[in-house]
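For reference, the structure is listed below as structure tokens.
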Amino acid sequence: MAKNTPQTYANHGRVDPPFQFFLLPLGLAAIIMSAIICVRRPSLRSALWVLLSVGLFVLAGKARGYAIKVQDRVIRLEERLRLAMLLPESLRPRIGEFTEGQLIALRFASDAELPALAQRALNESLTKKQIKMAIQNWRPDHFRV
């Protein structure tokens, strides 16, 4: 998605081509090839290649997962600060009640609609998807990995 295209619920998902279209297929191919070799010519060496390819595949997934988790933590912090500035005084004590998913979804809401949507999210226990679908004025996030 080009950065000048307005971000919406329909197009906000991100794709990481080097990871999803190169690293993951390469890892799967290595696992499959090493497993085939291990079955055709069983040996300690071929079994170690299977373990190594599985290990590298898991490593790639874990590294990406850690990066996403760190981003989620930063988003939580940013949104709590934003909520503290934008929510009415009566709603500020409830900031701790938001789930991680709700905070991550609320980052897309414009400053103008955030207070009402935040109150609705708390009162109705809205899910991340429900919050995103309820947003009228989308605040884009082009930095998500």
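Starting from 1 in every chain, residues are counted up; chains themselves are A, B, ... following the order of the structure tokens, and ligands are numbered from 1 as listed.
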Write out as a PyMOL selection string which residues come within 9 Å of Asn137 in chain A when counting only C-alpha atoms, dropping same-chain ones fewer than 5 positions away. chain A and resi 8+108-110+112-113
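Omitting Ile135 in chain A and its sequence neighbours fewer than 4 positions away, and counting only C-alpha atoms, the residues within 12 Å are Gln7, Thr8, Tyr9, Ala10, Ala105, Leu106, Arg107, Phe108, Ala109, Ser110, Asp111, Ala112, Glu113, Leu114, Pro115, Ala116, Leu117, Ala118, Arg120, Ala121, Lys128, Lys129, Gln130, Ile131, Arg139 and Pro140 of chain A.
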Could those selected residues go to a file with C-alpha atoms, as a PDB file, in the first residue's frame?
ATOM      1  CA  GLN A   7      -5.691   3.720   5.308  1.00  0.00           C
ATOM      2  CA  THR A   8      -8.978   2.021   6.193  1.00  0.00           C
ATOM      3  CA  TYR A   9     -10.141  -1.152   7.895  1.00  0.00           C
ATOM      4  CA  ALA A  10     -10.163  -2.856   4.501  1.00  0.00           C
ATOM      5  CA  ALA A 105      -7.217  -1.130  17.831  1.00  0.00           C
ATOM      6  CA  LEU A 106      -7.931   2.305  19.314  1.00  0.00           C
ATOM      7  CA  ARG A 107      -4.700   3.660  17.832  1.00  0.00           C
ATOM      8  CA  PHE A 108      -6.509   3.935  14.495  1.00  0.00           C
ATOM      9  CA  ALA A 109      -9.267   6.206  15.871  1.00  0.00           C
ATOM     10  CA  SER A 110      -8.935   9.936  15.286  1.00  0.00           C
ATOM     11  CA  ASP A 111      -8.496  12.185  18.314  1.00  0.00           C
ATOM     12  CA  ALA A 112     -12.025  13.537  17.848  1.00  0.00           C
ATOM     13  CA  GLU A 113     -13.762  10.159  17.988  1.00  0.00           C
ATOM     14  CA  LEU A 114     -11.428   8.460  20.478  1.00  0.00           C
ATOM     15  CA  PRO A 115     -13.233   9.420  23.722  1.00  0.00           C
ATOM     16  CA  ALA A 116     -16.639   8.161  22.591  1.00  0.00           C
ATOM     17  CA  LEU A 117     -15.227   5.014  21.025  1.00  0.00           C
ATOM     18  CA  ALA A 118     -13.090   4.299  24.088  1.00  0.00           C
ATOM     19  CA  ARG A 120     -18.093   2.343  24.080  1.00  0.00           C
ATOM     20  CA  ALA A 121     -15.231  -0.194  23.985  1.00  0.00           C
ATOM     21  CA  LYS A 128     -10.320  -5.398  18.372  1.00  0.00           C
ATOM     22  CA  LYS A 129     -12.214  -6.079  15.136  1.00  0.00           C
ATOM     23  CA  GLN A 130     -15.389  -4.355  16.378  1.00  0.00           C
ATOM     24  CA  ILE A 131     -13.403  -1.264  17.385  1.00  0.00           C
ATOM     25  CA  ARG A 139      -5.810   7.500  11.794  1.00  0.00           C
ATOM     26  CA  PRO A 140      -3.225   5.611   9.705  1.00  0.00           C
TER      27      PRO A 140
END
Write out as a PyMOL selection string all residues of range 10-87 of chain A that backbone DSSP assigns to alpha helix (DSSP H). chain A and resi 17+24-40+44-86
Using only C-alpha atoms, please write the residues we just selected to a file, as an mmCIF file, in the first residue's frame.
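That gives us result_28.cif:
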data_model
loop_
_atom_site.group_PDB
_atom_site.id
_atom_site.type_symbol
_atom_site.label_atom_id
_atom_site.label_comp_id
_atom_site.auth_asym_id
_atom_site.auth_seq_id
_atom_site.Cartn_x
_atom_site.Cartn_y
_atom_site.Cartn_z
ATOM 1 C CA PRO A 17 7.415 -9.558 1.506
ATOM 2 C CA LEU A 24 9.127 -18.589 5.237
ATOM 3 C CA PRO A 25 8.985 -20.462 1.889
ATOM 4 C CA LEU A 26 12.745 -20.996 2.012
ATOM 5 C CA GLY A 27 12.470 -22.402 5.536
ATOM 6 C CA LEU A 28 9.606 -24.703 4.582
ATOM 7 C CA ALA A 29 11.514 -25.894 1.510
ATOM 8 C CA ALA A 30 14.575 -26.620 3.661
ATOM 9 C CA ILE A 31 12.477 -28.621 6.122
ATOM 10 C CA ILE A 32 10.785 -30.615 3.357
ATOM 11 C CA MET A 33 14.017 -31.278 1.449
ATOM 12 C CA SER A 34 15.945 -32.307 4.560
ATOM 13 C CA ALA A 35 13.069 -34.572 5.657
ATOM 14 C CA ILE A 36 12.979 -36.239 2.233
ATOM 15 C CA ILE A 37 16.746 -36.808 2.347
ATOM 16 C CA CYS A 38 16.468 -38.150 5.899
ATOM 17 C CA VAL A 39 13.778 -40.643 4.857
ATOM 18 C CA ARG A 40 15.632 -41.748 1.706
ATOM 19 C CA LEU A 44 22.726 -38.974 11.937
ATOM 20 C CA ARG A 45 23.823 -36.240 9.520
ATOM 21 C CA SER A 46 20.478 -36.139 7.682
ATOM 22 C CA ALA A 47 18.578 -36.101 10.999
ATOM 23 C CA LEU A 48 20.709 -33.170 12.157
ATOM 24 C CA TRP A 49 19.884 -31.291 8.941
ATOM 25 C CA VAL A 50 16.182 -31.779 9.647
ATOM 26 C CA LEU A 51 16.652 -30.442 13.182
ATOM 27 C CA LEU A 52 18.726 -27.522 11.934
ATOM 28 C CA SER A 53 16.186 -26.525 9.274
ATOM 29 C CA VAL A 54 13.305 -26.775 11.756
ATOM 30 C CA GLY A 55 15.332 -24.775 14.284
ATOM 31 C CA LEU A 56 16.076 -21.998 11.799
ATOM 32 C CA PHE A 57 12.416 -21.875 10.769
ATOM 33 C CA VAL A 58 11.330 -21.577 14.405
ATOM 34 C CA LEU A 59 14.025 -18.950 15.006
ATOM 35 C CA ALA A 60 12.729 -16.810 12.148
ATOM 36 C CA GLY A 61 9.171 -17.026 13.492
ATOM 37 C CA LYS A 62 10.211 -16.246 17.048
ATOM 38 C CA ALA A 63 12.322 -13.248 15.962
ATOM 39 C CA ARG A 64 9.372 -11.796 14.082
ATOM 40 C CA GLY A 65 7.042 -12.551 16.981
ATOM 41 C CA TYR A 66 9.336 -10.754 19.426
ATOM 42 C CA ALA A 67 9.465 -7.664 17.200
ATOM 43 C CA ILE A 68 5.669 -7.577 16.938
ATOM 44 C CA LYS A 69 5.301 -8.033 20.709
ATOM 45 C CA VAL A 70 7.644 -5.089 21.340
ATOM 46 C CA GLN A 71 5.587 -2.983 18.935
ATOM 47 C CA ASP A 72 2.420 -3.970 20.769
ATOM 48 C CA ARG A 73 3.969 -2.894 24.070
ATOM 49 C CA VAL A 74 4.976 0.484 22.618
ATOM 50 C CA ILE A 75 1.501 0.940 21.126
ATOM 51 C CA ARG A 76 -0.051 0.141 24.535
ATOM 52 C CA LEU A 77 2.106 2.784 26.180
ATOM 53 C CA GLU A 78 1.414 5.378 23.483
ATOM 54 C CA GLU A 79 -2.319 4.769 23.599
ATOM 55 C CA ARG A 80 -2.470 4.977 27.389
ATOM 56 C CA LEU A 81 -0.716 8.353 27.215
ATOM 57 C CA ARG A 82 -3.030 9.467 24.418
ATOM 58 C CA LEU A 83 -6.101 8.336 26.362
ATOM 59 C CA ALA A 84 -4.869 10.194 29.447
ATOM 60 C CA MET A 85 -4.751 13.380 27.383
ATOM 61 C CA LEU A 86 -7.975 12.956 25.409
#
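Rounded to one decimal, CA of Phe143 in chain A and CA of Glu97 in chain A lie 26.1 Å from each other.
One finds CA of Leu122 in chain A at 11.7 Å from CA of Arg92 in chain A.
CA of Gln20 in chain A sits 20.1 Å away from CA of Asp141 in chain A.
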